[in-house]
Amino acid sequence: MFGSGSSIGHDNSGVIPVRFVWPYGGGEVSIFGTFTRWIDLLPMSPVEGCPNVFQIVVSLVPGLHQFKFRVDGQWRVDEQLSFVDGHYGMVNTVVLTKDPPQILNSETPGRSNMELDDVSVCPEVIQGISAPDLEVSRHRISAFLSTHTAYELLPESGKVIALDVTLPVKQAFHILYEQGIPMAPLWDFCKGQFVGVLTALDFILILRELGTHGSNLTEEELETHTISAWKEGKMHLNRQIDSSGRVYSKHLIHAGPYDSLKDVSLKILQNSVSTVPIIHSASQEGSFPQLLYLASLSGILKCICRYFRHCAGSLPILEQPICSIPLGTWVPKIGEPNGRPFAMLRPNASLGAALSLLSQANVSSIPIVNDNDSLLDVYSRSDITALAKDKAYAQIHLDEISIHQALQLGQNANSSNALYNGQRCQMCLRTDSLHKVMERLANPGVRRLLIVEAGSKRVEGVISLSDVFRFLLGV
């Protein structure tokens with residue numbers, strides 16, 4: 001994601017949303033530069049009513065930036081703006097200062113690199129979003145979600161895996177690993193209905209139970225211990241016992257194909273679950289249920305991005321840099337009061353410490369960092385299923401194996417949730433727009449983005465799918 005190039009003169013004291021314009025036409029127009037580390041191409045959109053004018057808003061820190069355009073496969077510079085001869089040939093330049101400088105457009109005479117020190121160029125600067133714009137954006141997103149149903153999430157083809165509650169736990173987790181899925185709905189044949197889900201968190205709790213002295217669960221029993229027996233034991237562990245001393249089970253959180261996307265989103269948020277099974281029943285009594293799909297916030301976000309892709313201007317909030325809006329969990333700066341705790345671990349920390357954080361801190365992943373807090377890797381709940389391969393869990397002790405060693409055990413895992421585009425660590429910058437963050441989170445298997453400092457990859461925070469939806473819906 002990051003290259004070796006870097007912008008000059010950045011002071012990280014604030015960001016400036018800047019509008020770049022290509023007014024010379026073309027079919028497909030993109031821009032890249034020092035602010036994308038000369039790697040990512042940022043597509044530009046035609047201005048409504050002006051099909052020959054393309055624009056994009058990029059949040060930049062004060063300092064010197066270089067950039068160039070790609071028009072229909074050809075590299076171009078705007079000769080009416082400042083330009084220099086750089087490592088990537090002729091490139092345009094822009095210098096941003098904290099004080100409002102002169103705004104120059106393509107009608108301003110071109111300047112060569114000899115005059116660069118005397119020039120302060122700033123395309124149109126956009127102020128922070130106002131409360132009315134925020135409410136308008138939220139209203140439009142809420143209206144879209146309220147008028148579209150879960151049925152629209154269903155793919156044209158695919159498979160959904162469900163597990164019978166009579167399966168041994170060991171076999172169930174091996175299936176999760178082999179299929180590359182983090183969870184599966186549970187089917188009770190006797191009751192004729194879906195009764196729950198089996199997740200990576202269950203495996204974490206089982207491993208911790210196996211490592212507890214005096215545990216009633218042994219490795220031998222795990223070979224025959226059924227899912228239903230584990231779930232009943234888990235209810236005792238969670239003290240789900242009524243006044244009569246009887247164990248009671250929680251109802252399965254699910255939705256129907258004609259429930260609105262907003263209702264599905266709220267069910268996921270309010271119940272702190274990652275997915276909601278979409279179940280269709282042939283009768284009002286719920287008999288003969290059909291499992292159609294596993295709805296997630298990622299799929300719903302993809303619908304939002306697809307719907308508003310060509311009318312992003314109707315949602316002013318999308319162009320705001322993430323550092324300017326109350327979104328995500330950030331590492332507290334020195335002198336700032338601590339907010340939500342932010343968990344990070346070193347690679348030599350024990351796997352037991354990681355599992356304790358994953359189960360107790362209500363987080364789905366932990367950044368693994370070096371002594372400078374620079375990102376090295378991520379350990380997620382879904383990584384734990386790799387220990388099901390060849391009974392690896394029976395050969396380790398949680399407090400004696402490091403996170404680094406545990407990740408090596410699962411490096412050949414075929415889980416699509418652990419890898420996306422060959423990268424385990426999905427990152428973004430504090431200056432990235434909300435729209436860019438949403439597009440990345442809408443990719444399959446991506447549940448969070450780690451906010452890192454450009455160049456050093458020092459972890460600054462994390463943004464999850466639930467963070468984005470709570471912000472967009474104002475809940």
# chains A, B, ... in the order shown; residues from 1 in each chain; ligands from 1
>>> residues_around(residues="segment 254-258 of chain A", least_positions_apart="5", cutoff="6 Å", atoms="only C-alpha atoms", output="list in words")
Thr149, Ala150, Tyr151, Val276, Pro277, Ile278, Ile279 and His280 of chain A
>>> residues_around(residues="Gly89 of chain A", least_positions_apart="6", cutoff="12 Å", atoms="only C-alpha atoms", output="number ranges by chain")
A: 33, 66-69, 75-77, 83
>>> write_last_selection(atoms="N, CA, C and O atoms", output="PDB file, in the first residue's frame")
ATOM      1  N   GLY A  33       0.210  10.708  -7.221  1.00  0.00           N
ATOM      2  CA  GLY A  33       1.304  11.598  -6.869  1.00  0.00           C
ATOM      3  C   GLY A  33       1.943  11.189  -5.561  1.00  0.00           C
ATOM      4  O   GLY A  33       1.800  10.052  -5.095  1.00  0.00           O
ATOM      5  N   GLN A  66       3.569  16.657  -5.366  1.00  0.00           N
ATOM      6  CA  GLN A  66       3.724  16.493  -6.802  1.00  0.00           C
ATOM      7  C   GLN A  66       2.675  15.505  -7.295  1.00  0.00           C
ATOM      8  O   GLN A  66       2.294  14.578  -6.580  1.00  0.00           O
ATOM      9  N   PHE A  67       2.227  15.698  -8.523  1.00  0.00           N
ATOM     10  CA  PHE A  67       1.182  14.828  -9.052  1.00  0.00           C
ATOM     11  C   PHE A  67       1.161  14.905 -10.564  1.00  0.00           C
ATOM     12  O   PHE A  67       1.757  15.806 -11.173  1.00  0.00           O
ATOM     13  N   LYS A  68       0.523  13.941 -11.192  1.00  0.00           N
ATOM     14  CA  LYS A  68       0.269  14.001 -12.629  1.00  0.00           C
ATOM     15  C   LYS A  68      -1.003  13.224 -12.931  1.00  0.00           C
ATOM     16  O   LYS A  68      -1.504  12.466 -12.084  1.00  0.00           O
ATOM     17  N   PHE A  69      -1.519  13.408 -14.129  1.00  0.00           N
ATOM     18  CA  PHE A  69      -2.787  12.813 -14.511  1.00  0.00           C
ATOM     19  C   PHE A  69      -2.560  11.651 -15.476  1.00  0.00           C
ATOM     20  O   PHE A  69      -1.566  11.610 -16.210  1.00  0.00           O
ATOM     21  N   TRP A  75       0.031   9.384 -19.723  1.00  0.00           N
ATOM     22  CA  TRP A  75       0.405  10.287 -18.638  1.00  0.00           C
ATOM     23  C   TRP A  75       0.405  11.725 -19.148  1.00  0.00           C
ATOM     24  O   TRP A  75       0.972  12.025 -20.197  1.00  0.00           O
ATOM     25  N   ARG A  76      -0.232  12.611 -18.381  1.00  0.00           N
ATOM     26  CA  ARG A  76      -0.365  14.023 -18.785  1.00  0.00           C
ATOM     27  C   ARG A  76      -0.086  14.938 -17.607  1.00  0.00           C
ATOM     28  O   ARG A  76      -0.263  14.549 -16.441  1.00  0.00           O
ATOM     29  N   VAL A  77       0.356  16.154 -17.893  1.00  0.00           N
ATOM     30  CA  VAL A  77       0.447  17.209 -16.888  1.00  0.00           C
ATOM     31  C   VAL A  77      -0.361  18.396 -17.392  1.00  0.00           C
ATOM     32  O   VAL A  77      -0.593  18.556 -18.594  1.00  0.00           O
ATOM     33  N   PHE A  83       4.919  23.149 -12.751  1.00  0.00           N
ATOM     34  CA  PHE A  83       5.402  21.817 -13.046  1.00  0.00           C
ATOM     35  C   PHE A  83       6.916  21.784 -12.908  1.00  0.00           C
ATOM     36  O   PHE A  83       7.602  22.800 -12.989  1.00  0.00           O
TER      37      PHE A  83
END
>>> closest_residue(among="A:His310, A:His87, A:Arg208, A:His65", to="Leu398 of chain A", atoms="only C-alpha atoms")
A:Arg208
>>> residues_around(residues="Arg309 of chain A", least_positions_apart="4", cutoff="12 Å", atoms="only C-alpha atoms", output="list in words")
Pro43, Met44, Ser45, Leu301, Lys302, Cys303, Ile304, Cys305, Gly313, Ser314, Leu315, Leu318, His435, Lys436, Met438 and Glu439 of chain A
>>> closest_atom_pairs(of="segment 246-346 of chain A", to="segment 378-386 of chain A", cutoff="12 Å", atoms="only C-alpha atoms", output="tab-separated table")
residue	atom	partner	partner_atom	distance
A:Ser274	CA	A:Arg381	CA	11.6
A:Ala343	CA	A:Tyr379	CA	11.4
A:Met344	CA	A:Val378	CA	9.4
A:Leu345	CA	A:Tyr379	CA	9.4
A:Arg346	CA	A:Val378	CA	10.5
>>> write_last_selection(atoms="N, CA, C and O atoms", output="mmCIF file, in the first residue's frame")
data_model
loop_
_atom_site.group_PDB
_atom_site.id
_atom_site.type_symbol
_atom_site.label_atom_id
_atom_site.label_comp_id
_atom_site.auth_asym_id
_atom_site.auth_seq_id
_atom_site.Cartn_x
_atom_site.Cartn_y
_atom_site.Cartn_z
ATOM 1 N N SER A 274 -21.424 -10.183 13.920
ATOM 2 C CA SER A 274 -20.788 -9.835 12.648
ATOM 3 C C SER A 274 -21.665 -10.143 11.451
ATOM 4 O O SER A 274 -21.538 -9.507 10.404
ATOM 5 N N ALA A 343 -5.940 -1.728 22.033
ATOM 6 C CA ALA A 343 -5.074 -2.863 22.352
ATOM 7 C C ALA A 343 -4.094 -3.118 21.221
ATOM 8 O O ALA A 343 -4.468 -3.194 20.051
ATOM 9 N N MET A 344 -2.812 -3.223 21.575
ATOM 10 C CA MET A 344 -1.764 -3.628 20.646
ATOM 11 C C MET A 344 -0.840 -4.594 21.380
ATOM 12 O O MET A 344 -0.693 -4.519 22.596
ATOM 13 N N LEU A 345 -0.216 -5.496 20.629
ATOM 14 C CA LEU A 345 0.692 -6.468 21.227
ATOM 15 C C LEU A 345 1.971 -6.565 20.407
ATOM 16 O O LEU A 345 1.983 -6.292 19.201
ATOM 17 N N ARG A 346 3.057 -6.963 21.067
ATOM 18 C CA ARG A 346 4.325 -7.228 20.398
ATOM 19 C C ARG A 346 4.306 -8.662 19.865
ATOM 20 O O ARG A 346 3.598 -9.534 20.385
#
>>> atom_distance(atom1="atom CA of Gly158 of chain A", atom2="atom CA of Lys231 of chain A")
28.3 Å
>>> residues_around(residues="Gly27 of chain A", least_positions_apart="3", cutoff="10 Å", atoms="only C-alpha atoms", output="PDB file with N, CA, C and O atoms, in the first residue's frame")
ATOM      1  N   PRO A  46     -16.416  12.980 -13.735  1.00  0.00           N
ATOM      2  CA  PRO A  46     -16.838  14.126 -14.540  1.00  0.00           C
ATOM      3  C   PRO A  46     -17.788  15.020 -13.748  1.00  0.00           C
ATOM      4  O   PRO A  46     -18.603  14.545 -12.966  1.00  0.00           O
ATOM      5  N   PRO A  51     -19.219  17.452 -19.049  1.00  0.00           N
ATOM      6  CA  PRO A  51     -18.638  16.120 -19.257  1.00  0.00           C
ATOM      7  C   PRO A  51     -17.156  16.135 -19.589  1.00  0.00           C
ATOM      8  O   PRO A  51     -16.486  15.106 -19.469  1.00  0.00           O
ATOM      9  N   ASN A  52     -16.605  17.279 -20.013  1.00  0.00           N
ATOM     10  CA  ASN A  52     -15.188  17.356 -20.343  1.00  0.00           C
ATOM     11  C   ASN A  52     -14.322  17.773 -19.158  1.00  0.00           C
ATOM     12  O   ASN A  52     -13.101  17.877 -19.290  1.00  0.00           O
ATOM     13  N   PHE A  54     -13.133  16.901 -15.302  1.00  0.00           N
ATOM     14  CA  PHE A  54     -13.051  15.852 -14.294  1.00  0.00           C
ATOM     15  C   PHE A  54     -12.481  16.429 -13.003  1.00  0.00           C
ATOM     16  O   PHE A  54     -11.644  17.337 -13.040  1.00  0.00           O
ATOM     17  N   VAL A  71      -4.735  10.053 -18.503  1.00  0.00           N
ATOM     18  CA  VAL A  71      -5.921  10.280 -19.322  1.00  0.00           C
ATOM     19  C   VAL A  71      -5.945   9.247 -20.444  1.00  0.00           C
ATOM     20  O   VAL A  71      -5.061   9.229 -21.303  1.00  0.00           O
ATOM     21  N   ASP A  72      -6.939   8.366 -20.397  1.00  0.00           N
ATOM     22  CA  ASP A  72      -7.103   7.328 -21.414  1.00  0.00           C
ATOM     23  C   ASP A  72      -5.797   6.564 -21.641  1.00  0.00           C
ATOM     24  O   ASP A  72      -5.392   6.315 -22.790  1.00  0.00           O
ATOM     25  N   GLY A  73      -5.126   6.227 -20.517  1.00  0.00           N
ATOM     26  CA  GLY A  73      -3.913   5.416 -20.603  1.00  0.00           C
ATOM     27  C   GLY A  73      -2.643   6.185 -20.861  1.00  0.00           C
ATOM     28  O   GLY A  73      -1.560   5.595 -20.910  1.00  0.00           O
TER      29      GLY A  73
END
>>> atom_distance(atom1="atom CA of Asn443 of chain A", atom2="atom CA of Ile16 of chain A")
27.4 Å
>>> residues_around(residues="Ile161 of chain A", least_positions_apart="3", cutoff="9 Å", atoms="only C-alpha atoms", output="list of chain:residue names")
A:Gln179, A:Ile181, A:Ala184, A:Pro185
